[in-house]
Amino acid sequence: MACNRAADFACQANGENTPGRMSGTGRSCRLRSESESEVVPTAKSLARLCSRDEAERAAALEELSQGVLMCLGLDKPGTARLSKPTLLHLLRLSRSCPLQEVRGRATELLRTAQEQGVEVPRALATGPSAFIPAKQMLKEELDQDVLMESFLSLGRLDHITMVMALHPAYLSCFLRAQHAMLELDGPLPFHWRHYIAVMAAARHHCSYLVQQHSTGFLEAGGQESWLGSLEHAPTKLRSLQTLNKLLAHRPWLITQQHIQELVCPGAESRWSLAELIHAVVLMAHAHSLCSFVWGCGLNPEHDHVGGHTFQPPSPGHLPRSPHSPAHENGRQELVEGAMEVEVLMKRMVELQQQQEEECTQEEMVTRFERERSESIPTAVVRGAPPDLVLCLVDEPEFRYEDFAPRGEQAPPTMRAQDYSWEDHGFSLVNRLLPDMGQLLDEKFQVVSNLTYNRMAMHEGVDTHTLRKALWNYIHCLYGIRYDDYDYGSVNVLLERSMKLFVKTMACHPEQTTARIYHAFWRHFRHSEKVHANLIVMEARLQAALLYTLRAITHYMR
């Protein structure tokens, strides 16, 4: 999100909202003296905290401090006032800002506010992920330069960035692509881009992304009523609902008819092809990012709903994340996990030695169908999504269904040789949305080739066969077949707990649980599991794009 996301500082009582333009008996900052109101920090001064100029950052930090202290009225006991947005902004800076001086000052200001009788918020989680202990994140030694650059560019260091920073090469190209989608010149208005991302994230009940893009939508000038119901959005945006749900759950059903209904000259609120490509990229990006958010168990941001509380902690009570599993047989799991690594290493070597063995095309197809139709149940009982998400979902009962249900007629397979990203999709995106094809391709290439030549406790390991099996298995789940790939490798390299995680994350991400996350690759580093999540996210993104781009290609003929 852009750094101008900083809250508007308004004086208020004990953290409860008191808008600056309150009427009636409400007290607001406007009732304070002119000299006091002039020094209250503004969004502009807060944005300066993101300046690359150290002197300007220092001046902005001092202005922030003075403004907060003025609102606290240290010279007038009993008059302390700070707005809820201000308090949450300070909480976020105190917990996630990579600049030590800013983090320390924000912590001091919150402590001072509490001493003056203001109810201050506290974070409900200690790290960015409910699946990865905060201490483990520290052990991974995140690249501080990457974190600093992200903060200075985006104005905040969110949990997505912090977890992706485990793989800085990927994070850099991810941020470039996302910045182009949301911030650079393009056919769609800026607030529409965020609203389309909100619509997409809601399909997977991802309140994290819904809140993040809702903020971006409002900052870009969007009307708040649109966030209350799809019915308040323009007809043109609402016309994306069918394509949105198909892209999210069953992209293989997308046909040129769906495209024609949106772009043909007689269509109501007609979309241009450039606008539609932009919208499709945004939706597919948000859908796949939902998989990453759920798959890594990301906690809500500290200033989001669910990320903080104004209630003091209960005496003697240590909060435990509902996502955290109880490990009763830790030693046994370590032994079994180590054995799993050795078995996987042996299988990888055997597969590499068998590459020269020929297999008939008929047998290759049979193995693909076997993988595609394998029953991997993923249903998990979850509570209803929050209202801020549900009000933005059309046909919430429309979900993913197995591509080839047993005993039913399956849609035809998409052969990668007939329509691929490299030969068809890349050029189409680049033609209609300049440079976007290149940015997406960079992400696909980086995540496919990303390796540290290690696996669990082993160094100097060639993981190519494992990465390829993972990518091709996800495309298999989406009905995409590579004629030159032996799908027997998938069954050899991906054991059932891994398949369960991958299928859940790629097809039903909102059903991902800590138990599923911790059950696969039990002896691997968390960074290696995050790497697997990145592969799932990008493979899913490419699969969804291929079906839609093929439909657009057919329409254009």
# chains A, B, ... in the order shown; residues from 1 in each chain; ligands from 1
>>> residues_around(residues="Pro133 of chain A", least_positions_apart="5", cutoff="10 Å", atoms="only C-alpha atoms", output="list in words")
Thr126, Gly127, Pro128, Leu138, Ser324 and His526 of chain A
>>> write_last_selection(atoms="N, CA, C and O atoms", output="short mmCIF file (atom, residue, chain, number, x, y, z; two decimals), in the first residue's frame")
data_model
loop_
_atom_site.label_atom_id
_atom_site.label_comp_id
_atom_site.auth_asym_id
_atom_site.auth_seq_id
_atom_site.Cartn_x
_atom_site.Cartn_y
_atom_site.Cartn_z
N THR A 126 2.50 -12.19 17.55
CA THR A 126 3.88 -11.74 17.72
C THR A 126 4.66 -11.75 16.42
O THR A 126 5.77 -11.22 16.36
N GLY A 127 4.13 -12.34 15.38
CA GLY A 127 4.86 -12.42 14.11
C GLY A 127 3.90 -12.36 12.94
O GLY A 127 2.68 -12.32 13.11
N PRO A 128 4.43 -12.38 11.72
CA PRO A 128 3.57 -12.27 10.54
C PRO A 128 2.76 -13.52 10.23
O PRO A 128 1.76 -13.44 9.54
N LEU A 138 13.07 -15.06 12.95
CA LEU A 138 14.31 -14.36 13.28
C LEU A 138 15.53 -15.21 12.91
O LEU A 138 16.55 -14.70 12.44
N SER A 324 -2.30 -23.01 15.88
CA SER A 324 -1.09 -23.72 16.31
C SER A 324 -1.44 -25.12 16.80
O SER A 324 -2.22 -25.28 17.75
N HIS A 526 11.16 -23.75 7.37
CA HIS A 526 9.95 -23.00 7.01
C HIS A 526 10.16 -22.26 5.69
O HIS A 526 9.23 -22.11 4.90
#
>>> closest_residue(among="A:Arg557, A:Arg540, A:Glu510, A:Ser207", to="Gly306 of chain A", atoms="only C-alpha atoms")
A:Ser207
>>> closest_residue(among="A:Gly186, A:Tyr478, A:Phe398, A:Leu289", to="Thr242 of chain A", atoms="only C-alpha atoms")
A:Phe398
>>> closest_residue(among="A:Gln361, A:Ile480, A:Pro386, A:Glu442", to="Ala416 of chain A", atoms="only C-alpha atoms")
A:Ile480
>>> atom_distance(atom1="atom CA of Ser65 of chain A", atom2="atom CA of Leu109 of chain A")
7.2 Å
>>> atom_distance(atom1="atom CA of Val536 of chain A", atom2="atom CA of Gly155 of chain A")
28.0 Å
>>> select_by_dssp(residues="segment 62-261 of chain A", states="alpha helix (DSSP H)", output="ChimeraX atom specification")
/A:62-72,84-96,100-115,134-139,144-154,159-164,168-182,190-203,207-219,235-238,241-249,256-261
>>> atom_distance(atom1="atom CA of Arg176 of chain A", atom2="atom CA of Tyr195 of chain A")
19.9 Å
>>> closest_residue(among="A:Val281, A:Val343, A:Met505, A:Leu477", to="Asn533 of chain A", atoms="only C-alpha atoms")
A:Met505
>>> closest_atom_pairs(of="segment 172-226 of chain A", to="segment 445-452 of chain A", cutoff="12 Å", atoms="only C-alpha atoms", output="JSON lines")
{"residue": "A:Ser172", "atom": "CA", "partner": "A:Val446", "partner_atom": "CA", "distance": 10.1}
{"residue": "A:Cys173", "atom": "CA", "partner": "A:Val446", "partner_atom": "CA", "distance": 8.1}
{"residue": "A:Phe174", "atom": "CA", "partner": "A:Val446", "partner_atom": "CA", "distance": 9.7}
